[in-house]
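*Asks:* My file is structure.cif. It has mmCIF, C-alpha atoms:
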```cif
data_my_file
loop_
_atom_site.label_atom_id
_atom_site.label_comp_id
_atom_site.auth_asym_id
_atom_site.auth_seq_id
_atom_site.Cartn_x
_atom_site.Cartn_y
_atom_site.Cartn_z
CA MET A 1 30.78 -15.52 -15.80
CA HIS A 2 33.40 -14.68 -13.18
CA THR A 3 33.89 -17.03 -10.27
CA ARG A 4 35.98 -16.80 -7.15
CA SER A 5 39.12 -18.81 -6.68
CA THR A 6 37.55 -20.17 -3.49
CA PRO A 7 33.86 -21.05 -3.94
CA PRO A 8 31.67 -18.95 -1.60
CA CYS A 9 29.50 -21.92 -0.66
CA PRO A 10 31.25 -25.30 -0.80
CA ALA A 11 29.17 -28.34 0.04
CA THR A 12 30.81 -28.86 3.43
CA PRO A 13 29.35 -29.56 6.87
CA LEU A 14 27.77 -26.55 8.52
CA SER A 15 30.10 -26.85 11.49
CA THR A 16 33.00 -25.85 9.22
CA TRP A 17 31.12 -23.08 7.44
CA PRO A 18 33.02 -19.77 7.77
CA GLN A 19 31.18 -17.12 9.73
CA ARG A 20 30.22 -13.91 7.98
CA PRO A 21 30.98 -10.59 9.61
CA ARG A 22 28.40 -10.05 12.33
CA LYS A 23 27.04 -6.87 10.77
CA LEU A 24 26.28 -8.57 7.44
CA ALA A 25 24.87 -11.79 8.92
CA ALA A 26 22.39 -9.84 11.01
CA MET A 27 20.81 -8.21 7.97
CA SER A 28 21.10 -10.82 5.22
CA HIS A 29 18.83 -13.66 4.18
CA SER A 30 20.12 -17.23 4.40
CA ILE A 31 19.80 -19.20 1.15
CA LEU A 32 20.42 -22.93 0.70
CA VAL A 33 21.60 -23.76 -2.83
CA VAL A 34 21.11 -27.42 -3.84
CA ASP A 35 22.67 -28.59 -7.11
CA ASP A 36 24.95 -31.47 -8.06
CA ASP A 37 26.88 -29.25 -10.52
CA PRO A 38 29.66 -27.43 -8.58
CA HIS A 39 29.91 -24.73 -11.27
CA ILE A 40 26.20 -23.92 -10.97
CA ARG A 41 26.48 -23.84 -7.18
CA ASP A 42 29.43 -21.47 -7.48
CA VAL A 43 27.64 -19.15 -9.92
CA VAL A 44 24.40 -19.03 -7.90
CA CYS A 45 26.18 -18.50 -4.59
CA PHE A 46 28.42 -15.80 -6.07
CA ALA A 47 25.38 -13.91 -7.41
CA LEU A 48 23.53 -14.18 -4.10
CA ASP A 49 26.64 -13.22 -2.15
CA LYS A 50 26.97 -10.06 -4.27
CA ALA A 51 23.32 -9.30 -3.47
CA GLY A 52 24.12 -9.35 0.27
CA MET A 53 22.75 -12.76 1.14
CA THR A 54 24.45 -15.60 3.02
CA THR A 55 24.67 -18.94 1.26
CA ARG A 56 25.06 -22.59 2.13
CA ALA A 57 25.21 -25.40 -0.40
CA ALA A 58 24.47 -29.08 -0.83
CA SER A 59 25.38 -31.36 -3.73
CA ASP A 60 22.32 -33.64 -3.56
CA GLY A 61 18.87 -33.90 -2.05
CA ALA A 62 19.82 -36.20 0.80
CA GLU A 63 22.54 -33.84 2.00
CA ALA A 64 20.17 -30.87 1.71
CA LEU A 65 17.48 -32.67 3.72
CA ALA A 66 19.97 -33.34 6.50
CA MET A 67 21.08 -29.71 6.49
CA THR A 68 17.53 -28.38 6.79
CA GLY A 69 17.23 -30.35 10.00
CA THR A 70 20.08 -28.28 11.42
CA VAL A 71 19.50 -24.83 9.95
CA GLN A 72 16.43 -22.92 8.81
CA PRO A 73 17.15 -21.20 5.50
CA ASP A 74 14.94 -18.33 4.38
CA LEU A 75 14.73 -19.88 0.90
CA ILE A 76 15.99 -22.93 -1.00
CA VAL A 77 17.24 -22.84 -4.61
CA LEU A 78 16.67 -26.41 -5.73
CA ASP A 79 17.79 -28.33 -8.81
CA ILE A 80 15.54 -31.14 -10.06
CA ASN A 81 18.01 -33.66 -11.54
CA MET A 82 20.26 -34.83 -8.69
CA PRO A 83 21.61 -38.11 -7.31
CA GLU A 84 20.50 -39.67 -4.03
CA MET A 85 17.23 -37.68 -3.90
CA ASP A 86 16.02 -35.49 -6.76
CA GLY A 87 14.56 -32.03 -6.30
CA LEU A 88 10.93 -33.06 -6.67
CA GLU A 89 11.27 -35.73 -3.99
CA LEU A 90 13.09 -33.31 -1.68
CA CYS A 91 10.37 -30.69 -2.18
CA ARG A 92 7.70 -33.30 -1.43
CA SER A 93 9.55 -34.34 1.73
CA LEU A 94 10.08 -30.77 2.94
CA ARG A 95 6.44 -29.84 2.41
CA ARG A 96 5.37 -32.45 4.96
CA THR A 97 6.85 -30.32 7.75
CA SER A 98 7.99 -26.98 6.33
CA GLU A 99 6.74 -24.05 4.27
CA VAL A 100 10.21 -22.70 3.49
CA PRO A 101 10.07 -20.93 0.09
CA ILE A 102 11.48 -23.05 -2.74
CA LEU A 103 12.66 -21.92 -6.18
CA PHE A 104 13.31 -24.71 -8.66
CA LEU A 105 16.34 -24.26 -10.90
CA SER A 106 16.43 -26.88 -13.65
CA SER A 107 17.63 -27.70 -17.15
CA ARG A 108 14.31 -29.45 -17.69
CA ASP A 109 11.83 -27.07 -19.31
CA ASP A 110 9.06 -29.62 -19.82
CA GLU A 111 5.68 -28.22 -18.87
CA ILE A 112 4.84 -31.30 -16.80
CA ASP A 113 7.96 -30.79 -14.65
CA ARG A 114 7.16 -27.13 -14.15
CA VAL A 115 3.55 -27.80 -13.19
CA LEU A 116 4.47 -30.74 -10.95
CA GLY A 117 7.05 -28.63 -9.12
CA LEU A 118 4.52 -25.89 -8.47
CA GLU A 119 1.87 -28.41 -7.47
CA LEU A 120 4.29 -29.86 -4.92
CA GLY A 121 4.54 -26.43 -3.32
CA ALA A 122 7.39 -24.59 -5.05
CA ASP A 123 7.12 -20.80 -5.26
CA ASP A 124 8.86 -20.29 -8.60
CA TYR A 125 10.69 -22.15 -11.38
CA VAL A 126 13.69 -20.91 -13.39
CA THR A 127 15.23 -22.90 -16.26
CA LYS A 128 18.90 -23.24 -17.16
CA PRO A 129 20.69 -21.46 -18.72
CA PHE A 130 19.60 -18.56 -16.54
CA SER A 131 20.47 -14.94 -15.90
CA PRO A 132 21.98 -14.55 -12.40
CA ARG A 133 20.42 -11.09 -12.22
CA GLU A 134 16.95 -12.45 -12.96
CA LEU A 135 17.48 -15.26 -10.46
CA VAL A 136 18.37 -12.76 -7.72
CA ALA A 137 15.32 -10.65 -8.64
CA ARG A 138 13.00 -13.65 -8.38
CA ILE A 139 14.48 -14.68 -5.05
CA ASN A 140 14.08 -11.14 -3.71
CA ALA A 141 10.46 -11.15 -4.91
CA ILE A 142 9.74 -14.36 -2.99
CA LEU A 143 11.49 -13.07 0.14
CA LYS A 144 9.54 -9.82 -0.08
CA ARG A 145 6.30 -11.78 -0.11
CA THR A 146 7.47 -13.82 2.86
CA ARG A 147 8.67 -10.95 5.03
CA SER A 148 7.49 -7.39 4.70
CA ALA A 149 10.34 -5.01 5.42
CA ALA A 150 8.03 -2.33 6.76
CA PRO A 151 4.65 -3.75 7.80
CA THR A 152 1.77 -1.37 8.49
CA GLU A 153 -1.29 -1.75 10.67
CA GLU A 154 -3.50 -1.99 7.60
CA ALA A 155 -1.26 -4.60 5.99
CA ASP A 156 -1.19 -6.61 9.22
CA ALA A 157 -4.94 -6.43 9.84
CA THR A 158 -6.61 -9.83 10.13
CA VAL A 159 -9.05 -10.59 7.29
CA ARG A 160 -12.20 -12.58 8.13
CA ILE A 161 -14.70 -13.85 5.59
CA ALA A 162 -17.24 -16.45 6.69
CA ASP A 163 -15.14 -19.15 8.39
CA LEU A 164 -11.93 -18.00 6.70
CA GLU A 165 -9.43 -16.09 8.85
CA ILE A 166 -6.13 -14.74 7.49
CA ASP A 167 -3.55 -13.16 9.79
CA PRO A 168 -0.83 -11.44 7.67
CA ALA A 169 1.28 -10.54 10.73
CA GLU A 170 1.61 -14.20 11.74
CA HIS A 171 1.40 -15.49 8.17
CA ARG A 172 -1.42 -17.86 9.13
CA ALA A 173 -4.63 -18.86 7.42
CA ARG A 174 -7.44 -20.87 9.03
CA TRP A 175 -10.84 -22.24 8.05
CA SER A 176 -13.20 -22.92 10.96
CA GLY A 177 -10.15 -22.84 13.21
CA SER A 178 -8.22 -25.43 11.18
CA GLU A 179 -4.79 -24.34 9.98
CA ILE A 180 -4.23 -24.11 6.21
CA SER A 181 -0.59 -24.70 5.31
CA LEU A 182 0.36 -22.32 2.47
CA THR A 183 3.57 -21.36 0.74
CA ALA A 184 4.51 -17.66 0.59
CA THR A 185 3.09 -17.30 -2.92
CA GLU A 186 -0.12 -19.16 -2.09
CA PHE A 187 -0.61 -17.09 1.05
CA GLN A 188 -0.29 -13.79 -0.83
CA MET A 189 -2.69 -15.03 -3.50
CA LEU A 190 -5.36 -16.06 -0.97
CA LEU A 191 -4.87 -12.79 0.92
CA ALA A 192 -5.41 -10.79 -2.29
CA PHE A 193 -8.65 -12.68 -2.99
CA ALA A 194 -9.89 -12.30 0.58
CA ARG A 195 -9.20 -8.57 0.80
CA GLN A 196 -11.50 -8.00 -2.18
CA PRO A 197 -14.17 -10.71 -2.10
CA ARG A 198 -16.33 -11.09 -5.20
CA ARG A 199 -13.86 -9.06 -7.27
CA VAL A 200 -12.84 -10.88 -10.45
CA PHE A 201 -9.04 -11.01 -10.68
CA THR A 202 -7.57 -11.42 -14.15
CA ARG A 203 -4.27 -13.25 -14.36
CA ASP A 204 -2.53 -9.89 -14.81
CA ASP A 205 -4.24 -8.66 -11.62
CA LEU A 206 -2.98 -11.71 -9.73
CA MET A 207 0.53 -11.25 -11.08
CA ARG A 208 0.59 -7.66 -9.84
CA ALA A 209 -0.87 -8.67 -6.48
CA VAL A 210 1.47 -11.60 -5.86
CA TYR A 211 4.74 -10.84 -7.65
CA ALA A 212 7.14 -7.92 -7.43
CA PRO A 213 7.26 -5.38 -10.30
CA GLY A 214 9.25 -6.64 -13.26
CA ILE A 215 8.64 -10.32 -12.45
CA HIS A 216 6.52 -12.17 -14.99
CA VAL A 217 5.35 -15.77 -14.88
CA SER A 218 3.26 -17.82 -17.28
CA ASP A 219 -0.50 -18.19 -17.06
CA ARG A 220 0.03 -21.89 -16.33
CA THR A 221 2.18 -21.01 -13.33
CA LEU A 222 -0.54 -18.77 -11.93
CA ASP A 223 -3.19 -21.41 -12.65
CA SER A 224 -1.09 -23.99 -10.78
CA HIS A 225 -0.95 -21.75 -7.72
CA VAL A 226 -4.72 -21.20 -7.87
CA ARG A 227 -5.32 -24.97 -8.08
CA HIS A 228 -3.02 -25.55 -5.14
CA VAL A 229 -4.80 -22.94 -3.00
CA ARG A 230 -8.17 -24.48 -3.92
CA ALA A 231 -6.98 -27.96 -2.99
CA LYS A 232 -5.71 -26.81 0.40
CA LEU A 233 -8.95 -24.92 1.08
CA ALA A 234 -10.94 -28.02 0.14
CA ASP A 235 -8.83 -30.16 2.49
CA ALA A 236 -9.74 -27.74 5.29
CA GLY A 237 -13.45 -27.97 4.41
CA ALA A 238 -13.81 -24.85 2.24
CA ARG A 239 -14.88 -26.18 -1.14
CA ASP A 240 -15.68 -23.96 -4.12
CA LEU A 241 -14.52 -20.82 -2.29
CA ILE A 242 -12.52 -19.65 -5.31
CA GLU A 243 -14.59 -19.57 -8.47
CA THR A 244 -13.39 -19.56 -12.08
CA VAL A 245 -14.96 -16.85 -14.22
CA HIS A 246 -14.43 -18.37 -17.66
CA GLY A 247 -12.59 -16.16 -20.10
CA VAL A 248 -11.83 -13.57 -17.40
CA GLY A 249 -10.15 -14.91 -14.26
CA PHE A 250 -10.97 -15.92 -10.68
CA ARG A 251 -12.82 -14.58 -7.65
CA LEU A 252 -13.42 -15.51 -4.05
CA THR A 253 -17.12 -15.89 -3.35
CA PRO A 254 -18.07 -16.23 0.34
CA PRO A 255 -20.60 -19.00 1.05
#
```
Starting from the file, give its structure as C-alpha cells.

*Replies:*
Amino acid sequence: MHTRSTPPCPATPLSTWPQRPRKLAAMSHSILVVDDDPHIRDVVCFALDKAGMTTRAASDGAEALAMTGTVQPDLIVLDINMPEMDGLELCRSLRRTSEVPILFLSSRDDEIDRVLGLELGADDYVTKPFSPRELVARINAILKRTRSAAPTEEADATVRIADLEIDPAEHRARWSGSEISLTATEFQMLLAFARQPRRVFTRDDLMRAVYAPGIHVSDRTLDSHVRHVRAKLADAGARDLIETVHGVGFRLTPP
C-alpha cells in the first residue's frame, strides 16, 4: 500500500491540526481514527482522505476520549487492542453520552469479540487485514444511514404505532414519550420494522433495509443488532414488541 511521506492524520493535539481548504471541509465527513499502530492509522486516514473525508487520529483510547470532548466526529474507526483504554472500554464509555457511529477495526476475529462490540453499540466490525476500499464502503454505508443526502417528505414522515413514535427527520425514537437511545444501524432497523408492522423480515430483508447495496454482514451481526434494539425497547417499557418467527426471521407486532 502507498503511504504519504507526511501522515495525513498524525496523533497530535487538535489545536495544531492543519486546516483543510474551506471548500472541502464544508462538504466532507469528519472521521476519528483510533489505533495504536501508526501504519494502520496512516493507511486508514489515507484511504478516507482519498474518499474526500477529513480525518483526525488518536493512538489510544484515553486520547480519543479526550478528543471527543472537544470535537464531534461523524464516525469513529476504533481498534480493540490498545494501551491506556481498549476499544471496547472506549465504546462503552462513549455510549453513556453519545450515539456517534462506531466501526470496530481489529485483528481479533473471535466471535465473542465481534458480538460484544456490537452489543456495546458498535455499528459494524471489520477485521485486519482489511481492504481499504471495503472499509471506505462500509463507512459510507453507515454515514448514509445516519444522514440522508436528499430526504423526502415520505422518508421524513413520523411513524406511530401504539406508544412507539419514530421521527426520521430528527433521528429520534420514543416509547410513551420516553427517549430510546439508538445507534444509526439500530434506528434504521427499528424504522424498517415500524414502517411495515406485522411483516416478517428475513435476515436478507433486514440487510437490504439497513445496509447499502454491496455490503454484507453475518447473520450473527444482524441478530446482535436485533437483540440490542429489543433490549433498548424493553428498557423503555416496550417488551416483546419484536417477535422472532422461528426459521424465518423477525417482525414487529403492535400490542

*Asks:* Identify, on the basis of only C-alpha atoms, every residue whose closest approach to Asp36 (chain A) does not exceed 7 Å; exclude the query and any residue fewer than 5 positions from it along the same chain; express the result as a CSV table (one decimal) with C-alpha atoms, in the coordinates of the input.

*Replies:*
```
chain,number,residue,atom,x,y,z
A,59,SER,CA,25.4,-31.4,-3.7
A,60,ASP,CA,22.3,-33.6,-3.6
A,82,MET,CA,20.3,-34.8,-8.7
```

*Asks:* Could you check which of A:Arg174, A:Arg96, A:Arg160, A:His29 is closest to Gly237 (chain A), using all atoms listed in the file?

*Replies:* A:Arg174

*Asks:* Residues picked by the PyMOL selection byres ((chain A and resi 248-253) around 6) here, as a PyMOL selection string?

*Replies:* chain A and resi 193+197-202+241-247+254

*Asks:* In Å to one decimal, how far is CA of Arg230 (chain A) from CA of Asp86 (chain A)?

*Replies:*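 Those two atoms sit 26.7 Å apart.
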
*Asks:* Under the PyMOL selection byres ((chain A and resi 65) around 12), which residues of this model are included? Write them out as an MDAnalysis selection string.

*Replies:* chainID A and resid 32:34 57:64 66:73 76 78 84:87 89:95 97:98

*Asks:* By how many Å are CA of Ala47 (chain A) and CA of Phe130 (chain A) apart?

*Replies:*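 Separation between CA of Ala47 (chain A) and CA of Phe130 (chain A): 11.8 Å.
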
*Asks:* For the file shown, what are the residues hit by the PyMOL selection byres ((chain A and resi 209) around 8), laid out as a PDB file with C-alpha atoms, in the frame of the given file?

*Replies:*
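This went into result-v5.pdb:
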```
ATOM      1  CA  GLN A 188      -0.290 -13.790  -0.830  1.00  0.00           C
ATOM      2  CA  MET A 189      -2.690 -15.030  -3.500  1.00  0.00           C
ATOM      3  CA  ALA A 192      -5.410 -10.790  -2.290  1.00  0.00           C
ATOM      4  CA  ASP A 205      -4.240  -8.660 -11.620  1.00  0.00           C
ATOM      5  CA  LEU A 206      -2.980 -11.710  -9.730  1.00  0.00           C
ATOM      6  CA  MET A 207       0.530 -11.250 -11.080  1.00  0.00           C
ATOM      7  CA  ARG A 208       0.590  -7.660  -9.840  1.00  0.00           C
ATOM      8  CA  VAL A 210       1.470 -11.600  -5.860  1.00  0.00           C
ATOM      9  CA  TYR A 211       4.740 -10.840  -7.650  1.00  0.00           C
TER      10      TYR A 211
END
```

*Asks:* Find the distance between CA of Ser224 (chain A) and CA of Val126 (chain A) and write it in Å to one decimal.

*Replies:*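 The value is 15.3 Å.
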
*Asks:* Listed atoms of region 74-88 of chain A, axis-aligned box, 5 Å per side: centre and edge lengths to one decimal in Å, as lines of an AutoDock Vina configuration file?

*Replies:*
```
center_x = 16.3
center_y = -29.0
center_z = -3.6
size_x = 20.7
size_y = 31.3
size_z = 25.9
```

*Asks:* Nearest to Asp74 (chain A): which of A:Ile166, A:Val100, A:Ala238, A:Leu190 is it, counting all atoms listed in the file?

*Replies:*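 Once distances to Asp74 (chain A) are computed over all atoms listed in the file, the minimum belongs to A:Val100.
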
*Asks:* Restricting the calculation to all atoms listed in the file, which member of A:Asp124, A:Glu119, A:Asp79, A:Asp219 is positioned closest to Thr185 (chain A)?

*Replies:*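 Among the listed residues, the smallest separation from Thr185 (chain A) belongs to A:Asp124.
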